[in-house]
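Peer 1: Next comes target-v1.txt, compact mmCIF, C-alpha atoms:
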```txt
# COMPACT_ATOMS: atom_id res chain seq x y z
CA MET A 435 284.80 99.82 80.27
CA SER A 436 283.25 98.87 76.95
CA ASP A 437 284.45 100.13 73.60
CA TYR A 438 280.87 101.07 72.70
CA VAL A 439 277.66 101.73 74.60
CA ILE A 440 274.48 101.45 72.53
CA VAL A 441 271.20 102.93 73.76
CA GLY A 442 268.22 100.97 72.46
CA ALA A 443 267.96 97.26 71.65
CA GLY A 444 265.54 97.29 68.76
CA VAL A 445 266.67 95.86 65.43
CA ILE A 446 268.95 98.88 64.89
CA GLY A 447 270.69 98.55 68.24
CA LEU A 448 270.87 94.76 68.06
CA MET A 449 272.35 94.69 64.55
CA THR A 450 274.76 97.52 65.38
CA ALA A 451 275.99 95.52 68.38
CA ARG A 452 276.49 92.40 66.24
CA PHE A 453 278.48 94.23 63.57
CA LEU A 454 280.71 95.97 66.12
CA ALA A 455 281.29 92.76 68.08
CA GLN A 456 282.06 90.85 64.89
CA GLY A 457 284.70 93.53 64.27
CA GLY A 458 286.33 92.68 67.59
CA ALA A 459 284.86 95.44 69.77
CA LYS A 460 283.38 95.05 73.25
CA VAL A 461 279.81 96.35 73.33
CA LYS A 462 277.30 97.15 76.06
CA LEU A 463 273.70 97.29 74.81
CA ILE A 464 271.21 99.16 77.03
CA GLU A 465 267.44 98.63 76.74
CA ARG A 466 264.77 100.17 78.97
CA GLY A 467 262.44 97.19 78.54
CA THR A 468 262.84 93.94 76.61
CA SER A 469 264.84 93.85 73.38
CA ALA A 470 262.97 94.30 70.08
CA ARG A 471 259.57 94.87 71.69
CA GLU A 472 258.73 98.35 70.40
CA ALA A 473 258.58 99.27 66.69
CA SER A 474 260.75 96.25 65.84
CA TRP A 475 257.99 93.96 67.13
CA ALA A 476 254.99 96.03 66.08
CA GLY A 477 255.73 96.42 62.35
CA GLY A 478 254.68 94.22 59.48
CA GLY A 479 258.03 92.96 58.25
CA ILE A 480 257.95 93.93 54.56
CA VAL A 481 261.55 93.96 53.34
CA SER A 482 260.95 96.93 51.05
CA PRO A 483 259.83 100.51 51.39
CA LEU A 484 256.17 100.83 50.43
CA TYR A 485 256.03 102.29 46.90
CA PRO A 486 259.84 102.48 46.85
CA TRP A 487 259.99 104.94 43.95
CA ARG A 488 258.55 107.65 46.23
CA TYR A 489 261.66 107.78 48.39
CA GLN A 490 264.89 109.72 48.14
CA ASP A 491 268.01 108.04 46.76
CA ALA A 492 269.42 107.99 50.30
CA VAL A 493 266.67 105.60 51.41
CA THR A 494 266.93 103.49 48.26
CA SER A 495 270.69 103.00 48.67
CA LEU A 496 270.25 101.59 52.16
CA ALA A 497 267.24 99.49 51.14
CA LEU A 498 269.00 97.82 48.21
CA TRP A 499 272.04 96.85 50.27
CA SER A 500 269.83 95.52 53.06
CA GLN A 501 267.56 93.53 50.76
CA SER A 502 270.56 91.74 49.28
CA SER A 503 271.75 90.74 52.77
CA TYR A 504 268.58 89.37 54.35
CA VAL A 505 268.80 85.81 52.98
CA HIS A 506 272.25 85.36 54.51
CA LEU A 507 271.21 87.08 57.75
CA ALA A 508 268.14 84.86 58.21
CA GLN A 509 270.18 81.72 57.55
CA GLU A 510 272.95 82.88 59.89
CA LEU A 511 270.53 83.64 62.72
CA LEU A 512 268.75 80.30 62.32
CA ALA A 513 272.08 78.47 62.50
CA GLU A 514 273.24 80.51 65.52
CA THR A 515 270.07 80.47 67.58
CA GLY A 516 267.63 77.87 66.23
CA CYS A 517 265.03 80.64 65.84
CA ASP A 518 263.71 80.95 62.27
CA PRO A 519 262.95 84.56 61.26
CA GLU A 520 260.69 83.13 58.52
CA LEU A 521 261.95 85.09 55.55
CA ARG A 522 259.43 84.66 52.70
CA GLN A 523 260.60 85.63 49.21
CA LYS A 524 257.22 85.61 47.50
CA GLY A 525 257.06 89.07 45.93
CA MET A 526 254.80 92.08 46.41
CA LEU A 527 251.67 92.89 44.39
CA MET A 528 250.57 96.54 44.39
CA LEU A 529 246.97 96.82 43.21
CA ASP A 530 245.42 99.68 41.23
CA VAL A 531 248.44 101.98 41.11
CA LYS A 532 247.47 105.17 39.28
CA PRO A 533 248.68 105.39 35.65
CA GLU A 534 250.79 108.49 36.28
CA GLU A 535 252.57 106.70 39.11
CA GLU A 536 253.13 103.55 37.06
CA ALA A 537 255.42 105.54 34.77
CA VAL A 538 257.42 106.82 37.74
CA ALA A 539 257.70 103.27 39.11
CA LEU A 540 258.91 101.85 35.81
CA ASP A 541 261.49 104.61 35.45
CA TRP A 542 262.73 103.97 39.00
CA ALA A 543 263.05 100.26 38.25
CA ARG A 544 265.11 100.97 35.13
CA ARG A 545 267.45 103.32 36.98
CA TYR A 546 268.06 100.89 39.82
CA HIS A 547 267.89 97.69 37.74
CA ARG A 548 265.07 96.27 39.85
CA PRO A 549 262.59 93.68 38.56
CA LEU A 550 259.24 95.49 38.42
CA THR A 551 256.47 95.04 35.86
CA LYS A 552 252.93 96.17 35.21
CA VAL A 553 250.53 93.20 35.17
CA GLY A 554 246.87 92.68 34.32
CA ALA A 555 243.91 90.86 35.81
CA ASP A 556 244.93 87.41 34.53
CA PHE A 557 248.26 87.60 36.35
CA ILE A 558 246.69 89.11 39.48
CA TYR A 559 244.15 86.32 39.99
CA ARG A 560 246.51 83.58 38.89
CA THR A 561 248.93 84.81 41.54
CA GLU A 562 246.41 85.48 44.34
CA GLU A 563 243.13 83.70 43.63
CA HIS A 564 241.35 84.85 46.80
CA LEU A 565 241.55 88.58 46.06
CA ALA A 566 238.32 90.54 45.72
CA PRO A 567 237.02 90.71 42.13
CA GLY A 568 237.48 93.77 39.95
CA PHE A 569 241.20 94.51 40.14
CA GLU A 570 242.42 95.15 36.60
CA SER A 571 246.05 96.17 36.97
CA ALA A 572 248.91 96.01 39.43
CA ILE A 573 252.63 96.51 39.80
CA TRP A 574 254.51 93.31 40.53
CA MET A 575 257.87 93.19 42.32
CA PRO A 576 258.85 89.50 42.39
CA GLU A 577 261.94 89.82 44.60
CA VAL A 578 260.35 91.61 47.56
CA ALA A 579 260.41 89.52 50.73
CA SER A 580 258.74 89.68 54.10
CA ILE A 581 260.06 88.53 57.44
CA ARG A 582 258.31 87.67 60.69
CA ASN A 583 259.73 90.57 62.63
CA PRO A 584 258.93 89.29 66.17
CA ARG A 585 260.88 86.14 65.31
CA LEU A 586 263.68 88.24 63.83
CA GLY A 587 263.83 90.19 67.09
CA GLN A 588 263.95 86.98 69.12
CA ALA A 589 266.76 85.62 66.97
CA LEU A 590 268.80 88.83 67.18
CA ARG A 591 268.31 88.99 70.96
CA GLU A 592 269.50 85.41 71.36
CA SER A 593 272.45 86.08 69.05
CA VAL A 594 273.71 89.04 71.07
CA ARG A 595 273.14 87.21 74.36
CA LYS A 596 275.41 84.43 73.12
CA HIS A 597 278.17 86.68 71.80
CA PRO A 598 281.11 86.94 74.22
CA ASN A 599 281.82 90.55 73.22
CA ILE A 600 278.30 91.85 73.95
CA THR A 601 276.68 92.58 77.31
CA LEU A 602 272.90 93.08 77.08
CA CYS A 603 271.37 95.15 79.89
CA GLU A 604 267.57 95.03 79.75
CA ASP A 605 265.09 96.79 82.07
CA SER A 606 267.61 99.64 82.32
CA GLU A 607 266.12 102.98 81.34
CA VAL A 608 268.61 105.66 80.31
CA THR A 609 268.08 108.82 82.36
CA GLY A 610 270.93 110.93 81.00
CA PHE A 611 274.44 111.07 79.61
CA SER A 612 277.72 110.88 81.52
CA LEU A 613 279.69 113.94 80.47
CA PHE A 614 283.18 115.36 80.82
CA GLY A 615 283.12 118.80 79.27
CA GLU A 616 281.92 118.31 75.71
CA ARG A 617 282.69 114.61 75.66
CA VAL A 618 280.07 111.93 76.21
CA LEU A 619 281.54 109.15 78.37
CA GLY A 620 278.47 106.91 78.43
CA VAL A 621 275.01 106.92 79.98
CA LYS A 622 273.28 106.97 83.36
CA THR A 623 270.46 104.47 83.84
CA THR A 624 267.98 103.41 86.50
CA ARG A 625 270.39 100.56 87.25
CA GLY A 626 273.65 102.45 87.30
CA GLU A 627 276.16 104.09 84.99
CA HIS A 628 277.70 102.56 81.87
CA GLN A 629 280.80 104.06 80.27
CA GLY A 630 282.33 103.40 76.88
CA GLY A 631 284.73 104.87 74.39
CA GLU A 632 281.84 105.84 72.10
CA THR A 633 278.08 106.03 72.68
CA ILE A 634 275.49 105.28 69.99
CA LEU A 635 271.92 106.51 70.40
CA ALA A 636 269.56 104.06 68.67
CA GLY A 637 266.45 104.78 70.71
CA GLY A 638 263.90 104.98 67.91
CA ALA A 639 260.99 107.31 68.65
CA TRP A 640 262.50 108.14 72.06
CA SER A 641 265.84 109.37 70.67
CA GLY A 642 264.77 113.01 70.50
CA GLU A 643 263.88 113.12 74.19
CA LEU A 644 267.35 111.93 75.15
CA LEU A 645 269.20 114.23 72.77
CA ALA A 646 267.22 117.20 74.11
CA GLN A 647 269.16 116.78 77.37
CA LEU A 648 272.17 118.06 75.42
CA ASN A 649 270.14 121.02 74.13
CA LEU A 650 269.91 119.54 70.65
CA GLY A 651 266.72 119.23 68.64
CA LEU A 652 266.39 115.98 66.69
CA PRO A 653 263.46 116.00 64.23
CA VAL A 654 262.36 112.48 65.11
CA GLU A 655 258.87 112.09 66.54
CA PRO A 656 256.61 109.14 67.39
CA VAL A 657 254.09 108.19 64.71
CA ARG A 658 251.59 105.58 65.86
CA GLY A 659 250.79 102.66 63.61
CA GLN A 660 247.96 100.25 64.40
CA MET A 661 247.78 96.74 62.93
CA MET A 662 245.74 93.57 63.33
CA VAL A 663 246.21 89.91 62.53
CA PHE A 664 243.69 87.34 61.28
CA LYS A 665 244.06 83.71 62.32
CA ALA A 666 243.55 82.52 58.75
CA ALA A 667 244.32 79.22 57.05
CA PRO A 668 247.48 78.72 54.97
CA GLY A 669 246.95 79.69 51.33
CA VAL A 670 244.34 82.41 51.80
CA VAL A 671 247.08 84.93 50.98
CA ASP A 672 250.53 83.89 49.82
CA ARG A 673 252.43 87.15 49.33
CA VAL A 674 252.38 90.82 50.29
CA VAL A 675 249.47 92.64 48.64
CA MET A 676 249.07 96.42 48.76
CA LEU A 677 246.09 98.65 48.05
CA GLU A 678 245.90 102.42 48.52
CA GLY A 679 248.82 102.57 50.93
CA ARG A 680 247.77 99.63 53.09
CA TYR A 681 248.78 95.99 52.90
CA VAL A 682 248.15 92.41 53.90
CA ILE A 683 251.12 90.22 54.85
CA PRO A 684 250.93 86.41 55.18
CA ARG A 685 252.90 84.32 57.65
CA ASN A 686 254.01 80.72 57.19
CA ASP A 687 251.28 79.43 59.52
CA GLY A 688 248.49 81.15 57.57
CA ARG A 689 248.06 84.19 59.78
CA VAL A 690 247.53 87.41 57.83
CA LEU A 691 248.52 90.87 59.08
CA VAL A 692 246.86 94.06 57.88
CA GLY A 693 248.24 97.55 58.39
CA SER A 694 248.68 100.28 59.05
CA THR A 695 247.53 103.63 60.38
CA LEU A 696 249.65 106.79 60.52
CA GLU A 697 248.77 108.86 63.59
CA HIS A 698 250.51 111.77 65.28
CA VAL A 699 249.41 111.24 68.88
CA GLY A 700 252.66 111.50 70.80
CA PHE A 701 253.72 108.45 72.79
CA ASP A 702 250.20 107.01 73.06
CA LYS A 703 250.31 103.31 72.10
CA SER A 704 246.64 102.58 72.76
CA THR A 705 244.41 101.09 70.06
CA THR A 706 241.13 102.56 68.83
CA GLU A 707 237.81 101.18 67.64
CA GLU A 708 237.98 103.47 64.61
CA ALA A 709 241.28 101.94 63.51
CA SER A 710 239.96 98.44 64.19
CA ARG A 711 237.02 99.00 61.85
CA SER A 712 239.21 100.66 59.23
CA LEU A 713 241.82 97.89 59.22
CA PHE A 714 239.13 95.20 59.06
CA ASP A 715 237.53 96.99 56.11
CA THR A 716 240.89 97.25 54.34
CA ALA A 717 241.64 93.57 54.83
CA THR A 718 238.25 92.40 53.55
CA ARG A 719 238.34 94.80 50.60
CA ILE A 720 241.54 93.07 49.50
CA VAL A 721 240.64 89.51 50.54
CA PRO A 722 236.90 89.13 51.35
CA GLU A 723 237.46 85.64 52.76
CA LEU A 724 239.32 87.13 55.73
CA ALA A 725 235.93 88.11 57.16
CA ASP A 726 235.41 84.41 57.93
CA TYR A 727 238.42 84.27 60.25
CA GLU A 728 239.04 85.39 63.81
CA VAL A 729 240.82 88.68 64.44
CA GLU A 730 243.43 87.35 66.82
CA HIS A 731 245.11 90.56 67.93
CA HIS A 732 245.03 94.34 67.38
CA TRP A 733 248.01 96.40 68.52
CA ALA A 734 249.90 99.65 68.08
CA GLY A 735 253.54 100.69 67.87
CA LEU A 736 255.47 103.94 67.55
CA ARG A 737 257.60 104.61 64.50
CA PRO A 738 260.51 107.07 64.70
CA GLY A 739 259.20 109.58 62.17
CA SER A 740 261.80 111.74 60.42
CA PRO A 741 261.83 114.20 57.51
CA GLU A 742 261.53 112.25 54.24
CA GLY A 743 262.27 109.06 56.19
CA VAL A 744 266.04 109.61 55.86
CA PRO A 745 267.72 108.28 59.03
CA PHE A 746 270.37 110.02 61.09
CA ILE A 747 273.57 107.96 61.03
CA GLY A 748 276.87 109.36 62.26
CA ALA A 749 278.60 111.60 64.78
CA VAL A 750 276.69 114.28 66.69
CA PRO A 751 278.35 117.66 66.04
CA GLY A 752 279.60 119.46 69.13
CA TRP A 753 279.75 116.34 71.30
CA GLN A 754 282.74 114.03 71.14
CA GLY A 755 281.99 110.35 71.49
CA LEU A 756 278.27 110.50 70.61
CA HIS A 757 276.69 109.04 67.49
CA LEU A 758 273.17 108.54 66.13
CA ASN A 759 271.50 105.66 64.33
CA THR A 760 267.83 106.56 64.40
CA GLY A 761 264.90 108.09 62.49
CA HIS A 762 264.19 105.26 60.05
CA TYR A 763 260.43 106.01 60.19
CA ARG A 764 258.46 103.25 58.37
CA ASN A 765 261.55 101.43 57.12
CA GLY A 766 263.54 100.46 60.19
CA LEU A 767 263.50 96.77 59.39
CA VAL A 768 264.33 97.06 55.70
CA LEU A 769 267.08 99.64 56.27
CA ALA A 770 268.54 98.01 59.39
CA PRO A 771 271.29 95.80 57.90
CA ALA A 772 272.76 98.63 55.80
CA SER A 773 272.28 101.33 58.45
CA THR A 774 273.99 99.28 61.12
CA ARG A 775 276.79 98.10 58.85
CA LEU A 776 277.37 101.74 57.85
CA MET A 777 277.47 102.78 61.52
CA ALA A 778 279.98 100.03 62.28
CA ASP A 779 282.10 100.96 59.26
CA LEU A 780 282.28 104.59 60.37
CA LEU A 781 283.17 103.67 63.95
CA LEU A 782 285.72 101.00 63.06
CA GLY A 783 287.42 103.09 60.37
CA ARG A 784 286.44 100.86 57.46
CA SER A 785 285.36 101.84 53.96
CA PRO A 786 281.60 102.51 54.25
CA VAL A 787 279.14 100.28 52.39
CA VAL A 788 277.27 103.37 51.14
CA ASP A 789 278.17 107.05 50.96
CA PRO A 790 277.47 108.32 54.51
CA ASP A 791 277.01 112.01 53.70
CA ALA A 792 273.22 111.95 53.21
CA TYR A 793 272.67 110.53 56.70
CA SER A 794 275.07 112.72 58.65
CA PRO A 795 273.48 114.54 61.61
CA ALA A 796 275.65 117.58 60.80
CA GLY A 797 273.39 120.41 59.64
CA ARG A 798 270.23 118.43 60.41
CA LEU A 799 270.00 119.07 64.16
CA THR A 800 268.86 122.29 65.84
CA ALA A 801 269.65 124.02 69.12
CA CYS A 802 266.93 123.84 71.74
```
Using structure tokens, write down the structure that the file contains.

Peer 2:
Amino acid sequence: MSDYVIVGAGVIGLMTARFLAQGGAKVKLIERGTSAREASWAGGGIVSPLYPWRYQDAVTSLALWSQSSYVHLAQELLAETGCDPELRQKGMLMLDVKPEEEAVALDWARRYHRPLTKVGADFIYRTEEHLAPGFESAIWMPEVASIRNPRLGQALRESVRKHPNITLCEDSEVTGFSLFGERVLGVKTTRGEHQGGETILAGGAWSGELLAQLNLGLPVEPVRGQMMVFKAAPGVVDRVVMLEGRYVIPRNDGRVLVGSTLEHVGFDKSTTEEASRSLFDTATRIVPELADYEVEHHWAGLRPGSPEGVPFIGAVPGWQGLHLNTGHYRNGLVLAPASTRLMADLLLGRSPVVDPDAYSPAGRLTAC
């Protein structure tokens, strides 16, 4: 029997497994498909909440801890696995932020001691010379990074596969919980039963469906996001650029991602022509030259939407041995290192890296 059974091998489940195993625990990680192929693969990889001043302090606390850890994590994974997550620390340029919001952003930066400045047209076009003409002001965050999230997922998957304390069980869909009275003993899957001392539900957008089997309502729902990638040349875009809630993200090989939509359509991961046109228009409004390049791929993923984007991290009230680490909404990647370290701290009895109270499921779940 394992010490811990984790349901879901996205970045949250994978990083939770690593932290627990590094603490000496034996972990079984259960994934219904292939690791890191849902929201962890489908996102853009910006290592910052979009417009971070709009979020609650609970999100900011996790984001700041995570951002400070990504350089070490990327280096560690490259050394362990040979797979480069391609962390790019090039900054983020937010175009045409409204004046009233600029003041809020500057105040947020002062409170959290984050480098953030208002810049004008000279800086904008000196920094990104291929942007469309006419942008007069922007907010510049020089320390924001991006990471190639499919490569990050590959590296994390390889890392857990190599770790002697972790057993990864893919293509194993969880069908229910193994129970003894009010204690969760593990999970039942399409490939058999897995028991552990504690069970952690890290199933992203699917977490609510599983928890409903225990007559608990978890306010986490799928929110579809569609994105596309241009097969551009290196240097067309060099850093993350945002405009009106959307963004372009460059990769090391020149490819440029554009995203994203926000759609409440249940578990439908299909793409639409409407979104394709809208994303193309967004990309070429920011960088007109992208119209000259091939659209290589258009895809969709499902975010685990939650109220205010504050994740659920901690023990499930009323059920011994069951814990949540889910509901990160648009910020799963940026919050993952801190969220998973916090989960491991709580389970292993260590001093938590951030105050856990804001993320506790207690009082945030409903009966159903």

Peer 1: What's the 10 Å shell around Pro738 (chain A), counting all atoms listed in the file, without same-chain residues fewer than 3 positions away, as a list in words?

Peer 2: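 So, after excluding close chain neighbours, the residues are Ala473, Gly637, Gly638, Ala639, Trp640, Ser641, Gly642, Pro653, Val654, Glu655, Pro656, Val657, Arg658, Gly735, Gly743, Pro745, Thr760, Gly761, His762, Tyr763, Arg764, Asn765 and Gly766 of chain A.
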
Peer 1: Could you name the residues that touch His628 (chain A) at 9 Å or less, counting all atoms listed in the file, but leaving out those on the same chain fewer than 4 positions away, as a count of residues only?

Peer 2: 11

Peer 1: So what do you get for CA of Ile683 (chain A) versus CA of Ala717 (chain A), distance-wise?

Peer 2: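 Separating CA of Ile683 (chain A) from CA of Ala717 (chain A) is a distance of 10.1 Å.
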
Peer 1: CA of Thr716 (chain A) to CA of Val692 (chain A): how many Å, to one decimal?

Peer 2: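 For CA of Thr716 (chain A) relative to CA of Val692 (chain A), the distance reads 7.6 Å.
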
Peer 1: Counting all atoms listed in the file, figure out which residue out of A:Leu799, A:Leu736, A:Ser500, A:Ala772 gets nearest to Asn649 (chain A).

Peer 2: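 Nearest to Asn649 (chain A): A:Leu799.
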
Peer 1: Nearest to Tyr681 (chain A): which of A:Leu652, A:Ile720, A:Val768, A:Ala455 is it, counting all atoms listed in the file?

Peer 2: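 Looking only at the distances to Tyr681 (chain A), the closest residue turns out to be A:Ile720.
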
Peer 1: Counting all atoms listed in the file, which residues sit no farther than 7 Å from the position (269.9, 106.9, 52.5) in the file's frame? I'd like them as a list of chain:residue names.

Peer 2: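 Using all atoms listed in the file, the matching residues come out as A:Asp491, A:Ala492, A:Val493, A:Thr494, A:Ser495, A:Leu496, A:Val744, A:Ala792, A:Tyr793.
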
Peer 1: If we count only C-alpha atoms, what is near Arg689 (chain A) at a cut-off of 8 Å, once residues fewer than 3 positions away on the same chain are taken out, given as a PyMOL selection string?

Peer 2: chain A and resi 663-668+684-686

Peer 1: Could you write out that same residue set with C-alpha atoms as a PDB file, in the frame of the given file?

Peer 2:
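Everything below was put into again32.pdb:
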```
ATOM      1  CA  VAL A 663     246.210  89.910  62.530  1.00  0.00           C
ATOM      2  CA  PHE A 664     243.690  87.340  61.280  1.00  0.00           C
ATOM      3  CA  LYS A 665     244.060  83.710  62.320  1.00  0.00           C
ATOM      4  CA  ALA A 666     243.550  82.520  58.750  1.00  0.00           C
ATOM      5  CA  ALA A 667     244.320  79.220  57.050  1.00  0.00           C
ATOM      6  CA  PRO A 668     247.480  78.720  54.970  1.00  0.00           C
ATOM      7  CA  PRO A 684     250.930  86.410  55.180  1.00  0.00           C
ATOM      8  CA  ARG A 685     252.900  84.320  57.650  1.00  0.00           C
ATOM      9  CA  ASN A 686     254.010  80.720  57.190  1.00  0.00           C
TER      10      ASN A 686
END
```

Peer 1: When you look at Asp672 (chain A) with a cut-off of 12 Å (counting all atoms listed in the file), what residues show up, excluding the ones that are within fewer than 3 positions of it in the same chain? I need them as a PyMOL selection string.

Peer 2: chain A and resi 522-527+559-565+579-580+666-669+675+682-691+721

Peer 1: Using the incomplete input, complete region 735-762 of chain A to the level of N, CA and C atoms; output as a PDB file, keeping the file's coordinate frame.

Peer 2:
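Contents of the output file part_25.pdb:
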```
ATOM      1  N   GLY A 735     252.131 100.420  67.604  1.00  0.00           N
ATOM      2  CA  GLY A 735     253.540 100.690  67.870  1.00  0.00           C
ATOM      3  C   GLY A 735     253.864 102.110  67.464  1.00  0.00           C
ATOM      4  N   LEU A 736     255.048 102.564  67.825  1.00  0.00           N
ATOM      5  CA  LEU A 736     255.470 103.940  67.550  1.00  0.00           C
ATOM      6  C   LEU A 736     256.685 103.945  66.641  1.00  0.00           C
ATOM      7  N   ARG A 737     256.488 104.468  65.443  1.00  0.00           N
ATOM      8  CA  ARG A 737     257.600 104.610  64.500  1.00  0.00           C
ATOM      9  C   ARG A 737     258.408 105.860  64.823  1.00  0.00           C
ATOM     10  N   PRO A 738     259.702 105.856  64.542  1.00  0.00           N
ATOM     11  CA  PRO A 738     260.510 107.070  64.700  1.00  0.00           C
ATOM     12  C   PRO A 738     260.439 107.927  63.439  1.00  0.00           C
ATOM     13  N   GLY A 739     259.406 108.768  63.359  1.00  0.00           N
ATOM     14  CA  GLY A 739     259.200 109.580  62.170  1.00  0.00           C
ATOM     15  C   GLY A 739     260.285 110.621  61.980  1.00  0.00           C
ATOM     16  N   SER A 740     260.746 110.780  60.744  1.00  0.00           N
ATOM     17  CA  SER A 740     261.800 111.740  60.420  1.00  0.00           C
ATOM     18  C   SER A 740     261.505 112.373  59.070  1.00  0.00           C
ATOM     19  N   PRO A 741     262.082 113.548  58.797  1.00  0.00           N
ATOM     20  CA  PRO A 741     261.830 114.200  57.510  1.00  0.00           C
ATOM     21  C   PRO A 741     262.240 113.327  56.330  1.00  0.00           C
ATOM     22  N   GLU A 742     261.297 113.060  55.437  1.00  0.00           N
ATOM     23  CA  GLU A 742     261.530 112.250  54.240  1.00  0.00           C
ATOM     24  C   GLU A 742     261.947 110.817  54.560  1.00  0.00           C
ATOM     25  N   GLY A 743     261.891 110.423  55.826  1.00  0.00           N
ATOM     26  CA  GLY A 743     262.270 109.060  56.190  1.00  0.00           C
ATOM     27  C   GLY A 743     263.754 108.765  56.068  1.00  0.00           C
ATOM     28  N   VAL A 744     264.580 109.806  55.967  1.00  0.00           N
ATOM     29  CA  VAL A 744     266.040 109.610  55.860  1.00  0.00           C
ATOM     30  C   VAL A 744     266.620 109.534  57.274  1.00  0.00           C
ATOM     31  N   PRO A 745     267.228 108.423  57.653  1.00  0.00           N
ATOM     32  CA  PRO A 745     267.720 108.280  59.030  1.00  0.00           C
ATOM     33  C   PRO A 745     268.934 109.147  59.313  1.00  0.00           C
ATOM     34  N   PHE A 746     269.199 109.298  60.593  1.00  0.00           N
ATOM     35  CA  PHE A 746     270.370 110.020  61.090  1.00  0.00           C
ATOM     36  C   PHE A 746     271.414 108.975  61.485  1.00  0.00           C
ATOM     37  N   ILE A 747     272.523 108.947  60.767  1.00  0.00           N
ATOM     38  CA  ILE A 747     273.570 107.960  61.030  1.00  0.00           C
ATOM     39  C   ILE A 747     274.912 108.685  61.039  1.00  0.00           C
ATOM     40  N   GLY A 748     275.561 108.719  62.196  1.00  0.00           N
ATOM     41  CA  GLY A 748     276.870 109.360  62.260  1.00  0.00           C
ATOM     42  C   GLY A 748     277.072 110.140  63.536  1.00  0.00           C
ATOM     43  N   ALA A 749     278.184 110.870  63.582  1.00  0.00           N
ATOM     44  CA  ALA A 749     278.600 111.600  64.780  1.00  0.00           C
ATOM     45  C   ALA A 749     277.715 112.815  65.016  1.00  0.00           C
ATOM     46  N   VAL A 750     277.461 113.100  66.296  1.00  0.00           N
ATOM     47  CA  VAL A 750     276.690 114.280  66.690  1.00  0.00           C
ATOM     48  C   VAL A 750     277.649 115.468  66.787  1.00  0.00           C
ATOM     49  N   PRO A 751     277.441 116.517  65.993  1.00  0.00           N
ATOM     50  CA  PRO A 751     278.350 117.660  66.040  1.00  0.00           C
ATOM     51  C   PRO A 751     278.313 118.354  67.400  1.00  0.00           C
ATOM     52  N   GLY A 752     279.499 118.737  67.869  1.00  0.00           N
ATOM     53  CA  GLY A 752     279.600 119.460  69.130  1.00  0.00           C
ATOM     54  C   GLY A 752     279.768 118.579  70.350  1.00  0.00           C
ATOM     55  N   TRP A 753     279.608 117.265  70.176  1.00  0.00           N
ATOM     56  CA  TRP A 753     279.750 116.340  71.300  1.00  0.00           C
ATOM     57  C   TRP A 753     280.638 115.172  70.891  1.00  0.00           C
ATOM     58  N   GLN A 754     281.819 115.124  71.455  1.00  0.00           N
ATOM     59  CA  GLN A 754     282.740 114.030  71.140  1.00  0.00           C
ATOM     60  C   GLN A 754     282.201 112.723  71.736  1.00  0.00           C
ATOM     61  N   GLY A 755     282.349 111.671  70.978  1.00  0.00           N
ATOM     62  CA  GLY A 755     281.990 110.350  71.490  1.00  0.00           C
ATOM     63  C   GLY A 755     280.528 109.994  71.410  1.00  0.00           C
ATOM     64  N   LEU A 756     279.706 110.793  70.715  1.00  0.00           N
ATOM     65  CA  LEU A 756     278.270 110.500  70.610  1.00  0.00           C
ATOM     66  C   LEU A 756     277.873 110.375  69.151  1.00  0.00           C
ATOM     67  N   HIS A 757     277.094 109.352  68.861  1.00  0.00           N
ATOM     68  CA  HIS A 757     276.690 109.040  67.490  1.00  0.00           C
ATOM     69  C   HIS A 757     275.203 108.681  67.469  1.00  0.00           C
ATOM     70  N   LEU A 758     274.585 108.864  66.310  1.00  0.00           N
ATOM     71  CA  LEU A 758     273.170 108.540  66.130  1.00  0.00           C
ATOM     72  C   LEU A 758     272.994 107.426  65.114  1.00  0.00           C
ATOM     73  N   ASN A 759     271.994 106.596  65.343  1.00  0.00           N
ATOM     74  CA  ASN A 759     271.500 105.660  64.330  1.00  0.00           C
ATOM     75  C   ASN A 759     270.003 105.525  64.586  1.00  0.00           C
ATOM     76  N   THR A 760     269.240 106.462  64.054  1.00  0.00           N
ATOM     77  CA  THR A 760     267.830 106.560  64.400  1.00  0.00           C
ATOM     78  C   THR A 760     267.077 107.314  63.307  1.00  0.00           C
ATOM     79  N   GLY A 761     265.735 107.327  63.423  1.00  0.00           N
ATOM     80  CA  GLY A 761     264.900 108.090  62.490  1.00  0.00           C
ATOM     81  C   GLY A 761     264.578 107.362  61.208  1.00  0.00           C
ATOM     82  N   HIS A 762     264.435 106.055  61.256  1.00  0.00           N
ATOM     83  CA  HIS A 762     264.190 105.260  60.050  1.00  0.00           C
ATOM     84  C   HIS A 762     262.713 105.245  59.634  1.00  0.00           C
TER      85      HIS A 762
END
```
